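What's in my_file15.tsv: TSV, N, CA and C atoms
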```tsv
chain	number	residue	atom	x	y	z
A	1	MET	N	45.08	-0.04	-0.68
A	1	MET	CA	44.79	0.78	-1.83
A	1	MET	C	44.83	-0.06	-3.12
A	2	HIS	N	45.75	-1.02	-3.16
A	2	HIS	CA	45.87	-1.86	-4.35
A	2	HIS	C	44.60	-2.68	-4.54
A	3	ALA	N	44.11	-3.30	-3.46
A	3	ALA	CA	42.88	-4.10	-3.55
A	3	ALA	C	41.70	-3.23	-3.95
A	4	LYS	N	41.63	-2.01	-3.43
A	4	LYS	CA	40.55	-1.09	-3.80
A	4	LYS	C	40.61	-0.76	-5.29
A	5	ALA	N	41.82	-0.55	-5.79
A	5	ALA	CA	41.97	-0.26	-7.22
A	5	ALA	C	41.53	-1.46	-8.06
A	6	ILE	N	41.87	-2.67	-7.62
A	6	ILE	CA	41.47	-3.87	-8.35
A	6	ILE	C	39.94	-4.00	-8.31
A	7	ALA	N	39.35	-3.75	-7.14
A	7	ALA	CA	37.88	-3.82	-7.02
A	7	ALA	C	37.23	-2.84	-7.99
A	8	ASP	N	37.78	-1.63	-8.05
A	8	ASP	CA	37.24	-0.63	-8.98
A	8	ASP	C	37.33	-1.12	-10.42
A	9	ARG	N	38.46	-1.72	-10.79
A	9	ARG	CA	38.63	-2.24	-12.15
A	9	ARG	C	37.66	-3.39	-12.43
A	10	ALA	N	37.36	-4.19	-11.38
A	10	ALA	CA	36.43	-5.31	-11.54
A	10	ALA	C	34.98	-4.84	-11.55
A	11	GLY	N	34.75	-3.57	-11.19
A	11	GLY	CA	33.40	-3.03	-11.18
A	11	GLY	C	32.60	-3.40	-9.95
A	12	ILE	N	33.31	-3.68	-8.83
A	12	ILE	CA	32.63	-4.01	-7.58
A	12	ILE	C	33.20	-3.14	-6.47
A	13	ASN	N	32.52	-3.13	-5.32
A	13	ASN	CA	33.02	-2.31	-4.21
A	13	ASN	C	34.03	-3.10	-3.38
A	14	ALA	N	34.69	-2.43	-2.45
A	14	ALA	CA	35.77	-3.02	-1.68
A	14	ALA	C	35.30	-4.20	-0.82
A	15	THR	N	34.12	-4.11	-0.21
A	15	THR	CA	33.61	-5.20	0.61
A	15	THR	C	33.32	-6.43	-0.24
A	16	ASP	N	32.75	-6.22	-1.41
A	16	ASP	CA	32.49	-7.33	-2.32
A	16	ASP	C	33.80	-7.98	-2.74
A	17	TRP	N	34.83	-7.17	-2.99
A	17	TRP	CA	36.14	-7.71	-3.34
A	17	TRP	C	36.70	-8.55	-2.20
A	18	GLU	N	36.56	-8.04	-0.97
A	18	GLU	CA	37.04	-8.80	0.19
A	18	GLU	C	36.34	-10.15	0.28
A	19	CYS	N	35.05	-10.18	-0.02
A	19	CYS	CA	34.30	-11.44	-0.02
A	19	CYS	C	34.90	-12.41	-1.03
A	20	LEU	N	35.21	-11.94	-2.23
A	20	LEU	CA	35.83	-12.80	-3.23
A	20	LEU	C	37.19	-13.28	-2.77
A	21	ASP	N	37.93	-12.40	-2.13
A	21	ASP	CA	39.26	-12.76	-1.64
A	21	ASP	C	39.17	-13.85	-0.58
A	22	VAL	N	38.23	-13.70	0.36
A	22	VAL	CA	38.04	-14.73	1.39
A	22	VAL	C	37.68	-16.06	0.75
A	23	LEU	N	36.75	-16.05	-0.19
A	23	LEU	CA	36.35	-17.30	-0.86
A	23	LEU	C	37.51	-17.91	-1.64
A	24	ASP	N	38.38	-17.07	-2.16
A	24	ASP	CA	39.52	-17.57	-2.92
A	24	ASP	C	40.47	-18.36	-2.02
A	25	TRP	N	40.69	-17.90	-0.77
A	25	TRP	CA	41.62	-18.62	0.09
A	25	TRP	C	40.97	-19.63	1.00
A	26	THR	N	39.65	-19.56	1.21
A	26	THR	CA	39.00	-20.57	2.07
A	26	THR	C	38.34	-21.67	1.26
A	27	GLY	N	37.94	-21.36	0.04
A	27	GLY	CA	37.10	-22.28	-0.71
A	27	GLY	C	35.66	-22.05	-0.28
A	28	PRO	N	34.74	-22.89	-0.73
A	28	PRO	CA	33.32	-22.70	-0.41
A	28	PRO	C	33.08	-22.71	1.11
A	29	ILE	N	32.32	-21.72	1.57
A	29	ILE	CA	31.97	-21.62	3.00
A	29	ILE	C	30.53	-21.14	3.13
A	30	THR	N	29.99	-21.26	4.33
A	30	THR	CA	28.62	-20.81	4.57
A	30	THR	C	28.57	-19.28	4.56
A	31	ALA	N	27.40	-18.77	4.33
A	31	ALA	CA	27.21	-17.32	4.37
A	31	ALA	C	27.54	-16.79	5.77
A	32	GLY	N	27.18	-17.52	6.81
A	32	GLY	CA	27.48	-17.10	8.17
A	32	GLY	C	28.98	-17.01	8.43
A	33	GLU	N	29.72	-18.00	7.93
A	33	GLU	CA	31.18	-17.97	8.08
A	33	GLU	C	31.77	-16.83	7.28
A	34	GLN	N	31.20	-16.56	6.12
A	34	GLN	CA	31.66	-15.43	5.30
A	34	GLN	C	31.48	-14.13	6.08
A	35	ALA	N	30.34	-13.97	6.74
A	35	ALA	CA	30.10	-12.76	7.54
A	35	ALA	C	31.13	-12.65	8.66
A	36	ARG	N	31.42	-13.77	9.34
A	36	ARG	CA	32.43	-13.74	10.41
A	36	ARG	C	33.81	-13.37	9.86
A	37	GLN	N	34.17	-13.93	8.73
A	37	GLN	CA	35.48	-13.65	8.14
A	37	GLN	C	35.62	-12.16	7.76
A	38	LEU	N	34.53	-11.57	7.29
A	38	LEU	CA	34.55	-10.17	6.86
A	38	LEU	C	34.30	-9.20	8.00
A	39	GLY	N	33.78	-9.71	9.13
A	39	GLY	CA	33.46	-8.83	10.25
A	39	GLY	C	32.23	-7.99	10.00
A	40	ILE	N	31.23	-8.56	9.28
A	40	ILE	CA	29.99	-7.84	9.01
A	40	ILE	C	28.82	-8.69	9.47
A	41	THR	N	27.64	-8.11	9.48
A	41	THR	CA	26.44	-8.83	9.95
A	41	THR	C	25.96	-9.81	8.89
A	42	SER	N	25.10	-10.72	9.33
A	42	SER	CA	24.53	-11.68	8.39
A	42	SER	C	23.66	-10.98	7.35
A	43	GLY	N	22.98	-9.93	7.74
A	43	GLY	CA	22.18	-9.16	6.78
A	43	GLY	C	23.05	-8.48	5.74
A	44	ALA	N	24.17	-7.94	6.17
A	44	ALA	CA	25.08	-7.27	5.23
A	44	ALA	C	25.69	-8.27	4.26
A	45	VAL	N	26.06	-9.45	4.77
A	45	VAL	CA	26.68	-10.44	3.88
A	45	VAL	C	25.68	-10.95	2.85
A	46	THR	N	24.41	-10.98	3.22
A	46	THR	CA	23.39	-11.38	2.25
A	46	THR	C	23.38	-10.41	1.07
A	47	GLY	N	23.48	-9.12	1.35
A	47	GLY	CA	23.54	-8.12	0.28
A	47	GLY	C	24.77	-8.28	-0.58
A	48	VAL	N	25.91	-8.55	0.06
A	48	VAL	CA	27.16	-8.76	-0.68
A	48	VAL	C	27.01	-9.96	-1.62
A	49	ILE	N	26.52	-11.07	-1.06
A	49	ILE	CA	26.38	-12.29	-1.86
A	49	ILE	C	25.36	-12.09	-2.99
A	50	ASP	N	24.28	-11.38	-2.70
A	50	ASP	CA	23.28	-11.09	-3.75
A	50	ASP	C	23.92	-10.33	-4.91
A	51	ARG	N	24.71	-9.29	-4.59
A	51	ARG	CA	25.35	-8.50	-5.65
A	51	ARG	C	26.34	-9.35	-6.45
A	52	LEU	N	27.14	-10.14	-5.73
A	52	LEU	CA	28.14	-10.96	-6.42
A	52	LEU	C	27.49	-12.06	-7.25
A	53	GLU	N	26.38	-12.59	-6.77
A	53	GLU	CA	25.66	-13.61	-7.52
A	53	GLU	C	25.07	-13.01	-8.80
A	54	ARG	N	24.45	-11.83	-8.67
A	54	ARG	CA	23.90	-11.16	-9.86
A	54	ARG	C	25.00	-10.85	-10.88
A	55	GLY	N	26.19	-10.54	-10.37
A	55	GLY	CA	27.31	-10.22	-11.25
A	55	GLY	C	28.01	-11.44	-11.83
A	56	GLY	N	27.60	-12.63	-11.39
A	56	GLY	CA	28.20	-13.84	-11.92
A	56	GLY	C	29.51	-14.25	-11.27
A	57	TRP	N	29.82	-13.66	-10.10
A	57	TRP	CA	31.07	-13.97	-9.40
A	57	TRP	C	30.96	-15.18	-8.49
A	58	VAL	N	29.81	-15.35	-7.84
A	58	VAL	CA	29.62	-16.45	-6.89
A	58	VAL	C	28.30	-17.15	-7.17
A	59	ARG	N	28.14	-18.31	-6.56
A	59	ARG	CA	26.85	-19.01	-6.61
A	59	ARG	C	26.59	-19.62	-5.25
A	60	ARG	N	25.31	-19.80	-4.99
A	60	ARG	CA	24.88	-20.43	-3.75
A	60	ARG	C	24.60	-21.91	-4.03
A	61	ALA	N	24.95	-22.74	-3.07
A	61	ALA	CA	24.67	-24.17	-3.17
A	61	ALA	C	24.14	-24.64	-1.83
A	62	VAL	N	23.30	-25.65	-1.84
A	62	VAL	CA	22.76	-26.22	-0.61
A	62	VAL	C	23.86	-27.05	0.05
A	63	ASP	N	24.01	-26.89	1.36
A	63	ASP	CA	24.97	-27.69	2.12
A	63	ASP	C	24.46	-29.12	2.18
A	64	PRO	N	25.20	-30.10	1.65
A	64	PRO	CA	24.72	-31.48	1.66
A	64	PRO	C	24.56	-32.06	3.07
A	65	ALA	N	25.27	-31.49	4.04
A	65	ALA	CA	25.18	-31.98	5.42
A	65	ALA	C	23.98	-31.38	6.15
A	66	ASP	N	23.52	-30.21	5.72
A	66	ASP	CA	22.41	-29.53	6.38
A	66	ASP	C	21.71	-28.67	5.34
A	67	ARG	N	20.61	-29.15	4.81
A	67	ARG	CA	19.93	-28.48	3.70
A	67	ARG	C	19.40	-27.09	4.06
A	68	ARG	N	19.40	-26.73	5.34
A	68	ARG	CA	18.96	-25.40	5.73
A	68	ARG	C	20.05	-24.36	5.51
A	69	ARG	N	21.29	-24.81	5.41
A	69	ARG	CA	22.43	-23.90	5.24
A	69	ARG	C	22.77	-23.72	3.78
A	70	VAL	N	23.32	-22.56	3.49
A	70	VAL	CA	23.74	-22.23	2.12
A	70	VAL	C	25.26	-22.13	2.10
A	71	ILE	N	25.85	-22.77	1.11
A	71	ILE	CA	27.28	-22.66	0.88
A	71	ILE	C	27.49	-21.66	-0.26
A	72	VAL	N	28.46	-20.77	-0.09
A	72	VAL	CA	28.79	-19.79	-1.13
A	72	VAL	C	30.11	-20.23	-1.75
A	73	GLU	N	30.14	-20.24	-3.08
A	73	GLU	CA	31.36	-20.64	-3.77
A	73	GLU	C	31.61	-19.72	-4.96
A	74	LEU	N	32.89	-19.58	-5.32
A	74	LEU	CA	33.25	-18.79	-6.48
A	74	LEU	C	32.79	-19.49	-7.75
A	75	VAL	N	32.38	-18.72	-8.72
A	75	VAL	CA	32.16	-19.25	-10.07
A	75	VAL	C	33.55	-19.32	-10.68
A	76	PRO	N	34.01	-20.51	-11.06
A	76	PRO	CA	35.39	-20.61	-11.54
A	76	PRO	C	35.61	-19.85	-12.84
A	77	PRO	N	36.83	-19.31	-12.99
A	77	PRO	CA	37.13	-18.64	-14.26
A	77	PRO	C	37.18	-19.66	-15.38
A	78	GLY	N	36.89	-19.22	-16.53
A	78	GLY	CA	36.92	-20.10	-17.70
A	78	GLY	C	36.17	-19.45	-18.84
A	79	PRO	N	36.22	-20.06	-20.00
A	79	PRO	CA	35.57	-19.45	-21.17
A	79	PRO	C	34.07	-19.27	-21.01
A	80	ASP	N	33.42	-20.11	-20.19
A	80	ASP	CA	31.98	-20.00	-20.00
A	80	ASP	C	31.59	-19.07	-18.85
A	81	SER	N	32.57	-18.60	-18.10
A	81	SER	CA	32.31	-17.71	-16.97
A	81	SER	C	31.83	-16.36	-17.48
A	82	PRO	N	30.81	-15.78	-16.82
A	82	PRO	CA	30.35	-14.46	-17.25
A	82	PRO	C	31.40	-13.38	-17.03
A	83	ASN	N	32.44	-13.69	-16.25
A	83	ASN	CA	33.47	-12.71	-15.94
A	83	ASN	C	34.85	-13.13	-16.44
A	84	SER	N	34.91	-13.94	-17.48
A	84	SER	CA	36.20	-14.46	-17.94
A	84	SER	C	37.17	-13.33	-18.31
A	85	GLU	N	36.67	-12.27	-18.93
A	85	GLU	CA	37.55	-11.15	-19.27
A	85	GLU	C	38.03	-10.43	-18.03
A	86	ARG	N	37.15	-10.27	-17.04
A	86	ARG	CA	37.55	-9.61	-15.79
A	86	ARG	C	38.58	-10.45	-15.04
A	87	TYR	N	38.38	-11.77	-14.99
A	87	TYR	CA	39.35	-12.65	-14.34
A	87	TYR	C	40.73	-12.50	-15.00
A	88	ALA	N	40.76	-12.48	-16.31
A	88	ALA	CA	42.03	-12.35	-17.03
A	88	ALA	C	42.69	-11.01	-16.72
A	89	GLU	N	41.89	-9.95	-16.69
A	89	GLU	CA	42.44	-8.62	-16.38
A	89	GLU	C	42.99	-8.59	-14.96
A	90	MET	N	42.24	-9.17	-14.00
A	90	MET	CA	42.71	-9.15	-12.62
A	90	MET	C	43.97	-10.00	-12.45
A	91	ALA	N	44.05	-11.12	-13.15
A	91	ALA	CA	45.26	-11.95	-13.08
A	91	ALA	C	46.46	-11.17	-13.58
A	92	GLU	N	46.25	-10.41	-14.64
A	92	GLU	CA	47.34	-9.58	-15.17
A	92	GLU	C	47.73	-8.50	-14.19
A	93	LEU	N	46.74	-7.85	-13.56
A	93	LEU	CA	47.02	-6.78	-12.60
A	93	LEU	C	47.70	-7.30	-11.33
A	94	PHE	N	47.34	-8.51	-10.91
A	94	PHE	CA	47.93	-9.07	-9.71
A	94	PHE	C	49.22	-9.81	-9.99
A	95	GLY	N	49.61	-9.90	-11.26
A	95	GLY	CA	50.84	-10.59	-11.63
A	95	GLY	C	52.05	-9.93	-11.01
A	96	PRO	N	53.15	-9.90	-11.73
A	96	PRO	CA	54.40	-9.38	-11.18
A	96	PRO	C	54.24	-8.01	-10.58
```

Take the structure in this file and express it as structure tokens.
Amino acid sequence: MHAKAIADRAGINATDWECLDVLDWTGPITAGEQARQLGITSGAVTGVIDRLERGGWVRRAVDPADRRRVIVELVPPGPDSPNSERYAEMAELFGP
């Protein structure tokens, strides 16, 4: 329930929040691995990544080892991040 409340405050749905959470503890991973971690299909994870990319939460990068694969990574928080205010709010909510 806590994670759902945080997702609501961030303006995203619970599955999208789970995707961010996975990326936070794994670091950059392939879209296929993201789907496995979340227990959803590759088609569903594409929709999740599309929404998060449009929202400025994640970005896609080409895998240097295999240019056919896509690596998904978090857009780091910072003053230039499109979600810097949301990151600050979530850090406060997840604090003590």

>> Give me the residues near segment 22-35 of chain A as a list in words, where near means some atom within 5 Å (using only N, CA and C atoms) and where sequence neighbours in that chain fewer than 2 positions away do not count.
In response: Glu18, Cys19, Leu20, Gln37, Leu38, Gly39, Ile40, Val70, Ile71, Val72 and Glu73 of chain A

> Among chain A, which ones does DSSP place in strand (DSSP E), written as number ranges by chain?
Replying inline: A: 29-30, 58-63, 66-74

> Around (29.6, -8.7, -2.7) in the file's own coordinates, what residues are found within 12 Å if you use only C-alpha atoms, given back as JSON, numbers by chain?
Replying inline: {"A": [7, 10, 11, 12, 13, 14, 15, 16, 17, 18, 19, 20, 21, 22, 23, 31, 34, 35, 38, 40, 44, 45, 46, 47, 48, 49, 50, 51, 52, 53, 54, 55, 56, 57, 58, 59, 72, 74]}

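Taking atom C of Arg9 of chain A and atom C of Glu89 of chain A as endpoints, the distance between them is 7.9 Å.
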
>> DSSP on the backbone, alpha helix (DSSP H) only: what residues of chain A does that give? Format it as an MDAnalysis selection string.
In response: chainID A and resid 2:10 14:26 31:38 42:54 84:94

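Put simply, atom N of Arg60 of chain A is 15.1 Å away from atom CA of Pro77 of chain A.
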
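Take atom CA of Arg68 of chain A and atom N of Ser42 of chain A: the distance between them is 16.3 Å.
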